[in-house]
Amino acid sequence: MDILSKCTLCPRNCKINRYKTVGVCGANEKIKLAYYSLHQWEEPVISGTNGSGTIFFSHCNLKCIFCQNKKISTGGYGKEIDTNRLKEIMLELQSKGAHNINLVTPTHYVPQIVECLRDIKNKDLQIPVVYNTSSYENVSTIESLNGLVDIYLADLKYYDSSLGKRYSNCSNYFEVASLAIENMYKQVGQFNIENDLMTKGLIVRILVLPGHTDDAIHLVEYLYKKYRDNIIISIMNQYTPVCETKFDNLNRKLSTDEYNQVLDYALNLGIKYAFIQEGDTQEESFIPDFDCSII
């Protein structure tokens with residue numbers, strides 16, 4: 001059975017017919033893109049010098065209340081395309097010098113992405129494929145990408161289940177995301193970097209939320225104890241309040257002291273491979289100016 005006719009691609013398990021209606025993510029059966037470009041603001045081993053060939057998909061299954069990309073994740077901004085156009089975009093980005101193809105928030109379009117990659121990967125498409133995800137994924141969906149994705153760029157948002165419920169309306173985030181990340185690691189194994197660029201492996205991002213340094217510390221501890229130095233942990237300070245929420249802590253930026261608490265813990269733990277952020281990463285200018293007219 002076509003999974004889109006009874007969709008269980010993500011842990012929401014809406015089981016709706018996307019040819020007729022939409023579930024939590026808001027996506028129907030057609031691919032919708034908001035933007036694609038050579039993107040310079042990923043981790044250095046992803047962006048390199050030329051940029052990551054980033055493709056921003058519209059809609060999202062998680063819908064965090066603090067999302068920086070609400071215009072596309074909740075608002076659904078974008079343009080519908082078919083799989084042939086998606087393949088053309090991937091190859092266009094490669095021809096412009098992209099170091100990789102970076103699929104951002106792709107979960108709800110995995111069957112179409114698999115179709116594209118099976119047709120062109122290791123043939124016309126010769127650069128690594130990055131799967132850039134919230135990690136709120138069903139294991140079966142991750143398994144369907146085996147051999148097609150080289151690098152997983154995965155968020156790990158919450159350790160405390162109550163935070164997932166409060167900010168993303170999912171009470172099982174850590175349980176689900178940690179299992180999905182485990183299966184990502186089974187596919188790609190220990191990371192490999194050549195000429196300062198990652199060719200395969202797993203990067204797990206922790207966005208430190210204002211008022212929740214303890215939760216971020218739990219996430220750092222979990223990842224290091226489980227994966228040691230076989231993955232890269234990216235500890236991010238770039239939380240940017242883009243809209244007013246009912247939670248006061250989310251209406252401000254992360255303080256330097258809060259961020260340093262997490263960094264100090266990671267350092268004392270003995271982590272060897274981690275990315276940290278410095279400078280003006282909390283500015284809205286780091287949020288792409290989505291423009292689907294180019295699609």
# chains A, B, ... in the order shown; residues from 1 in each chain; ligands from 1

$ select_by_dssp --residues "range 162-221 of chain A" --states "strand (DSSP E or B)" --output "list in words"
Asn192, Ile193, Glu194, Leu197, Met198, Thr199, Lys200, Gly201, Leu202, Ile203, Val204, Arg205, Ile206 and Leu207 of chain A

$ write_last_selection --atoms "N, CA and C atoms" --output "PDB file, in the first residue's frame"
ATOM      1  N   ASN A 192      33.402  10.466   9.332  1.00  0.00           N
ATOM      2  CA  ASN A 192      34.622  10.579   8.546  1.00  0.00           C
ATOM      3  C   ASN A 192      34.693  11.979   7.958  1.00  0.00           C
ATOM      4  N   ILE A 193      35.858  12.596   8.065  1.00  0.00           N
ATOM      5  CA  ILE A 193      36.079  13.932   7.520  1.00  0.00           C
ATOM      6  C   ILE A 193      37.293  13.885   6.605  1.00  0.00           C
ATOM      7  N   GLU A 194      37.117  14.407   5.395  1.00  0.00           N
ATOM      8  CA  GLU A 194      38.206  14.477   4.428  1.00  0.00           C
ATOM      9  C   GLU A 194      38.281  15.899   3.889  1.00  0.00           C
ATOM     10  N   LEU A 197      35.787  18.358   5.244  1.00  0.00           N
ATOM     11  CA  LEU A 197      34.370  18.149   4.946  1.00  0.00           C
ATOM     12  C   LEU A 197      33.937  16.764   5.400  1.00  0.00           C
ATOM     13  N   MET A 198      32.773  16.675   6.015  1.00  0.00           N
ATOM     14  CA  MET A 198      32.253  15.380   6.424  1.00  0.00           C
ATOM     15  C   MET A 198      31.754  14.618   5.202  1.00  0.00           C
ATOM     16  N   THR A 199      32.154  13.372   5.094  1.00  0.00           N
ATOM     17  CA  THR A 199      31.692  12.526   3.995  1.00  0.00           C
ATOM     18  C   THR A 199      30.636  11.530   4.459  1.00  0.00           C
ATOM     19  N   LYS A 200      30.669  11.191   5.755  1.00  0.00           N
ATOM     20  CA  LYS A 200      29.638  10.344   6.327  1.00  0.00           C
ATOM     21  C   LYS A 200      29.648  10.532   7.835  1.00  0.00           C
ATOM     22  N   GLY A 201      28.544  10.170   8.465  1.00  0.00           N
ATOM     23  CA  GLY A 201      28.512  10.234   9.916  1.00  0.00           C
ATOM     24  C   GLY A 201      27.282  10.919  10.461  1.00  0.00           C
ATOM     25  N   LEU A 202      27.340  11.196  11.753  1.00  0.00           N
ATOM     26  CA  LEU A 202      26.205  11.742  12.497  1.00  0.00           C
ATOM     27  C   LEU A 202      26.646  12.958  13.305  1.00  0.00           C
ATOM     28  N   ILE A 203      25.940  14.065  13.096  1.00  0.00           N
ATOM     29  CA  ILE A 203      26.069  15.246  13.945  1.00  0.00           C
ATOM     30  C   ILE A 203      24.750  15.405  14.682  1.00  0.00           C
ATOM     31  N   VAL A 204      24.807  15.535  15.987  1.00  0.00           N
ATOM     32  CA  VAL A 204      23.586  15.757  16.768  1.00  0.00           C
ATOM     33  C   VAL A 204      23.635  17.161  17.358  1.00  0.00           C
ATOM     34  N   ARG A 205      22.592  17.921  17.070  1.00  0.00           N
ATOM     35  CA  ARG A 205      22.501  19.308  17.511  1.00  0.00           C
ATOM     36  C   ARG A 205      21.681  19.415  18.799  1.00  0.00           C
ATOM     37  N   ILE A 206      22.206  20.196  19.718  1.00  0.00           N
ATOM     38  CA  ILE A 206      21.465  20.541  20.931  1.00  0.00           C
ATOM     39  C   ILE A 206      21.298  22.055  20.944  1.00  0.00           C
ATOM     40  N   LEU A 207      20.080  22.526  20.756  1.00  0.00           N
ATOM     41  CA  LEU A 207      19.779  23.949  20.858  1.00  0.00           C
ATOM     42  C   LEU A 207      19.460  24.244  22.319  1.00  0.00           C
TER      43      LEU A 207
END

$ residues_around --residues "Asn28 in chain A" --least-positions-apart "6" --cutoff "8 Å" --atoms "only C-alpha atoms" --output "ChimeraX atom specification"
/A:18-22

$ residues_around --residues "Cys67 in chain A" --least-positions-apart "3" --cutoff "10 Å" --atoms "only C-alpha atoms" --output "JSON, numbers by chain"
{"A": [62, 63, 64, 70, 71, 72, 73, 74, 167, 168, 239, 240, 241, 242, 243]}

$ residues_around --residues "Ser144 in chain A" --least-positions-apart "5" --cutoff "9 Å" --atoms "only C-alpha atoms" --output "number ranges by chain"
A: 110-111, 114, 139

$ residues_around --residues "Ile181 in chain A" --least-positions-apart "2" --cutoff "9 Å" --atoms "only C-alpha atoms" --output "count of residues only"
17

$ closest_residue --among "A:Asp155, A:Glu221, A:Asp160, A:Asp150" --to "Gln187 in chain A" --atoms "only C-alpha atoms"
A:Asp150

$ atom_distance --atom1 "CA of Asp229 in chain A" --atom2 "CA of Leu269 in chain A"
11.5 Å

$ residues_around --residues "Gly51 in chain A" --least-positions-apart "4" --cutoff "8 Å" --atoms "only C-alpha atoms" --output "NGL selection string"
:A and (38-40 or 46-47 or 97-99)

$ closest_residue --among "A:Leu9, A:Asn172, A:Tyr265, A:Gly75" --to "Gly23 in chain A" --atoms "only C-alpha atoms"
A:Leu9

$ select_by_dssp --residues "range 50-101 of chain A" --states "helix (DSSP H, G or I)" --output "list in words"
Lys70, Lys71, Ile72, Ser73, Thr83, Asn84, Arg85, Leu86, Lys87, Glu88, Ile89, Met90, Leu91, Glu92, Leu93, Gln94 and Ser95 of chain A

$ closest_residue --among "A:Tyr227, A:Phe66, A:Tyr222, A:Tyr259" --to "Phe191 in chain A" --atoms "only C-alpha atoms"
A:Tyr227

$ residues_around --residues "Arg118 in chain A" --least-positions-apart "3" --cutoff "10 Å" --atoms "only C-alpha atoms" --output "ChimeraX atom specification"
/A:113-115,121-123,145,147-148

$ atom_distance --atom1 "CA of Lys32 in chain A" --atom2 "CA of Lys79 in chain A"
5.2 Å

$ closest_residue --among "A:Glu182, A:Gln126, A:Ile81, A:Cys14" --to "Lys226 in chain A" --atoms "only C-alpha atoms"
A:Glu182

$ closest_residue --among "A:Asn50, A:Val45, A:Glu80, A:Lys246" --to "Arg166 in chain A" --atoms "only C-alpha atoms"
A:Lys246
